[in-house]
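Engineer: Structure in structure tokens, see below.
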Amino acid sequence: MLKRYVFKDFKLKILSLVLAAMLWFAVSHIGETRMSFSVKIDFDKLGKEFIIKRVDNDEVIITVYGPVSILKGIRTRDIKLRLNLGDAKEGLHVFTLRGNDVQMPKGLRLDTLKPDFVTVELDRVIEKRLKTIVRLDDKWKDIYKIKVWFPQYVYAEGTKNSLEKIDTIETFPIEGNFFSDEETVEIPLDIKDMHIKRLKPDIIKVVLRRY
């Protein structure tokens, strides 16, 4: 009985199985679809004398079109958007994003960019010598004092608006687990929202002495 059922319309069943396999292959490997990715803009070839002061819309939704077999293995890191700022000068700019700014794996095509523009404000870089100020976390202020620190001056490269009105720069508050009469720590400088491009150096060595 079972044998009769299995072999009944055997050719038709084989054909159906083949067609189903072909359909699955077509949908999974040959069919095309769209997929969207949120991609952060990579600003490329900015002149050394400039710094990015402000960016609006620095992330773009990129929709690509291509075979399911390729798209199912794609991650956000595989899609890149590089904007060439090599010819940009100081001031406010609105750049149109184009298809040739997008890099993606072979076999995919660009569908849409949203938004298709980005606003970038560039400022000229200046260099200034700033005195360093060491900050000690409140819980240690009555236990340790700052014996010495180095360097006492650093050179900062940043926007004119950030640097022209200041003469000092502070460290982050020094905190940690201290036990010895004398402790040596390294602490970075706090650049906050100063639009600093580079600090030379950016780490301060501090010696603390117990009262």
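Identifiers in this document derive from the order of the structure tokens: chains are assigned A, B, ..., residues are numbered from 1 separately in each chain, and ligands are numbered from 1 in order of occurrence.
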Using DSSP on the backbone, list every residue of stretch 61-166 of chain A that comes out as strand (DSSP E), and give them as number ranges by chain.
Structural biologist: A: 61-67, 80-84, 91-96, 102-103, 109-114, 117-133, 144-150, 153-159
Engineer: If we count only C-alpha atoms, what is near stretch 55-63 of chain A at a cut-off of 10 Å, once residues fewer than 6 positions away on the same chain are taken out, given as a ChimeraX atom specification?
Structural biologist: /A:34-43,76,79-81,92-94,97,102,109-122
Engineer: Let's have the selection written as an mmCIF file, in the first residue's frame, with N, CA and C atoms.
Structural biologist:
```
data_model
loop_
_atom_site.group_PDB
_atom_site.id
_atom_site.type_symbol
_atom_site.label_atom_id
_atom_site.label_comp_id
_atom_site.auth_asym_id
_atom_site.auth_seq_id
_atom_site.Cartn_x
_atom_site.Cartn_y
_atom_site.Cartn_z
ATOM 1 N N ARG A 34 15.708 45.086 -2.202
ATOM 2 C CA ARG A 34 16.333 46.294 -1.676
ATOM 3 C C ARG A 34 16.629 46.117 -0.191
ATOM 4 N N MET A 35 17.694 46.799 0.267
ATOM 5 C CA MET A 35 18.018 46.798 1.683
ATOM 6 C C MET A 35 18.605 48.161 2.037
ATOM 7 N N SER A 36 18.241 48.687 3.222
ATOM 8 C CA SER A 36 18.687 50.019 3.639
ATOM 9 C C SER A 36 19.674 49.920 4.800
ATOM 10 N N PHE A 37 20.637 50.849 4.809
ATOM 11 C CA PHE A 37 21.664 50.901 5.842
ATOM 12 C C PHE A 37 21.831 52.349 6.301
ATOM 13 N N SER A 38 22.045 52.532 7.612
ATOM 14 C CA SER A 38 22.367 53.853 8.153
ATOM 15 C C SER A 38 23.882 53.973 8.189
ATOM 16 N N VAL A 39 24.429 54.874 7.378
ATOM 17 C CA VAL A 39 25.879 54.963 7.186
ATOM 18 C C VAL A 39 26.370 56.344 7.588
ATOM 19 N N LYS A 40 27.419 56.368 8.402
ATOM 20 C CA LYS A 40 28.022 57.630 8.815
ATOM 21 C C LYS A 40 28.981 58.108 7.725
ATOM 22 N N ILE A 41 28.915 59.373 7.400
ATOM 23 C CA ILE A 41 29.751 59.935 6.336
ATOM 24 C C ILE A 41 31.203 59.995 6.785
ATOM 25 N N ASP A 42 32.088 59.548 5.906
ATOM 26 C CA ASP A 42 33.526 59.633 6.138
ATOM 27 C C ASP A 42 34.055 60.809 5.326
ATOM 28 N N PHE A 43 34.534 61.843 6.043
ATOM 29 C CA PHE A 43 35.040 63.037 5.367
ATOM 30 C C PHE A 43 36.510 62.826 5.024
ATOM 31 N N THR A 76 26.463 46.720 7.709
ATOM 32 C CA THR A 76 26.598 48.178 7.544
ATOM 33 C C THR A 76 28.029 48.577 7.228
ATOM 34 N N ILE A 79 29.187 49.033 3.574
ATOM 35 C CA ILE A 79 28.733 50.179 2.777
ATOM 36 C C ILE A 79 29.412 51.429 3.313
ATOM 37 N N LYS A 80 30.106 52.158 2.463
ATOM 38 C CA LYS A 80 30.828 53.356 2.899
ATOM 39 C C LYS A 80 30.437 54.544 2.032
ATOM 40 N N LEU A 81 30.409 55.714 2.676
ATOM 41 C CA LEU A 81 30.130 56.957 1.965
ATOM 42 C C LEU A 81 31.268 57.926 2.280
ATOM 43 N N LEU A 92 30.807 77.853 5.522
ATOM 44 C CA LEU A 92 29.676 76.921 5.546
ATOM 45 C C LEU A 92 29.422 76.394 4.142
ATOM 46 N N HIS A 93 29.292 75.069 4.037
ATOM 47 C CA HIS A 93 29.117 74.440 2.727
ATOM 48 C C HIS A 93 27.956 73.456 2.769
ATOM 49 N N VAL A 94 27.244 73.371 1.668
ATOM 50 C CA VAL A 94 26.222 72.338 1.493
ATOM 51 C C VAL A 94 26.672 71.466 0.325
ATOM 52 N N LEU A 97 25.310 64.802 -2.115
ATOM 53 C CA LEU A 97 25.858 63.454 -2.080
ATOM 54 C C LEU A 97 25.465 62.718 -3.355
ATOM 55 N N VAL A 102 29.568 56.690 -2.905
ATOM 56 C CA VAL A 102 29.223 55.472 -2.163
ATOM 57 C C VAL A 102 30.076 54.307 -2.655
ATOM 58 N N ARG A 109 23.686 47.757 -6.552
ATOM 59 C CA ARG A 109 23.469 49.047 -7.197
ATOM 60 C C ARG A 109 22.815 49.996 -6.198
ATOM 61 N N LEU A 110 23.163 51.258 -6.313
ATOM 62 C CA LEU A 110 22.581 52.264 -5.430
ATOM 63 C C LEU A 110 21.146 52.561 -5.837
ATOM 64 N N ASP A 111 20.256 52.591 -4.865
ATOM 65 C CA ASP A 111 18.857 52.924 -5.124
ATOM 66 C C ASP A 111 18.594 54.368 -4.705
ATOM 67 N N THR A 112 18.741 54.670 -3.403
ATOM 68 C CA THR A 112 18.479 56.035 -2.932
ATOM 69 C C THR A 112 19.468 56.435 -1.834
ATOM 70 N N LEU A 113 19.620 57.758 -1.679
ATOM 71 C CA LEU A 113 20.354 58.377 -0.576
ATOM 72 C C LEU A 113 19.411 59.358 0.105
ATOM 73 N N LYS A 114 19.204 59.204 1.408
ATOM 74 C CA LYS A 114 18.325 60.110 2.136
ATOM 75 C C LYS A 114 18.961 60.494 3.466
ATOM 76 N N PRO A 115 19.219 61.793 3.679
ATOM 77 C CA PRO A 115 19.132 62.882 2.695
ATOM 78 C C PRO A 115 20.276 62.791 1.689
ATOM 79 N N ASP A 116 20.121 63.508 0.611
ATOM 80 C CA ASP A 116 21.151 63.458 -0.425
ATOM 81 C C ASP A 116 22.055 64.692 -0.369
ATOM 82 N N PHE A 117 22.151 65.292 0.828
ATOM 83 C CA PHE A 117 23.053 66.431 1.013
ATOM 84 C C PHE A 117 23.552 66.429 2.459
ATOM 85 N N VAL A 118 24.630 67.170 2.693
ATOM 86 C CA VAL A 118 25.157 67.331 4.045
ATOM 87 C C VAL A 118 25.692 68.757 4.179
ATOM 88 N N THR A 119 25.452 69.351 5.343
ATOM 89 C CA THR A 119 25.941 70.707 5.622
ATOM 90 C C THR A 119 27.163 70.610 6.521
ATOM 91 N N VAL A 120 28.254 71.225 6.091
ATOM 92 C CA VAL A 120 29.519 71.156 6.818
ATOM 93 C C VAL A 120 30.065 72.563 6.998
ATOM 94 N N GLU A 121 30.458 72.889 8.220
ATOM 95 C CA GLU A 121 31.100 74.174 8.490
ATOM 96 C C GLU A 121 32.568 73.928 8.810
ATOM 97 N N LEU A 122 33.435 74.569 8.028
ATOM 98 C CA LEU A 122 34.873 74.426 8.217
ATOM 99 C C LEU A 122 35.460 75.704 8.801
#
```
Engineer: Using only C-alpha atoms, which of A:Leu108, A:Glu170, A:Gly91, A:Phe50 sits nearest A:Ser69?
Structural biologist: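 Closest residue, counting only C-alpha atoms: A:Leu108.
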Engineer: Taking 3 positions as the minimum chain separation for residues in the same chain, which residues sit within 9 Å of A:Pro188 when counting only C-alpha atoms? Answer as a list in words.
Structural biologist: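 Non-adjacent residues within range: Glu170, Thr171, Phe172, Asp202, Ile203, Ile204 and Lys205 of chain A.
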Engineer: Would you save the residues of that selection, restricted to C-alpha atoms, as an mmCIF file, in the first residue's frame?
Structural biologist:
```cif
data_model
loop_
_atom_site.group_PDB
_atom_site.id
_atom_site.type_symbol
_atom_site.label_atom_id
_atom_site.label_comp_id
_atom_site.auth_asym_id
_atom_site.auth_seq_id
_atom_site.Cartn_x
_atom_site.Cartn_y
_atom_site.Cartn_z
ATOM 1 C CA GLU A 170 42.066 71.504 32.471
ATOM 2 C CA THR A 171 42.576 67.810 33.001
ATOM 3 C CA PHE A 172 39.756 65.433 33.770
ATOM 4 C CA ASP A 202 47.405 65.262 25.368
ATOM 5 C CA ILE A 203 48.379 63.414 28.594
ATOM 6 C CA ILE A 204 49.576 65.062 31.803
ATOM 7 C CA LYS A 205 51.748 63.265 34.370
#
```
Engineer: DSSP on the backbone: what in chain A comes out alpha helix (DSSP H), as a VMD selection string?
Structural biologist: chain A and resid 2 to 7 10 to 25 68 to 71 160 to 163
Engineer: I want to know what sits within 12 Å of stretch 143-149 of chain A, based on only C-alpha atoms, with residues of the same chain fewer than 3 positions away left out; could you give that as a PyMOL selection string?
Structural biologist: chain A and resi 131-140+152-153+171+174-175+177-187+203-211
Engineer: Go ahead and compute the interatomic distance for atom CA of A:Ala156 and atom CA of A:Ile51, in Å to one decimal.
Structural biologist: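 These atoms are spaced 12.7 Å apart.
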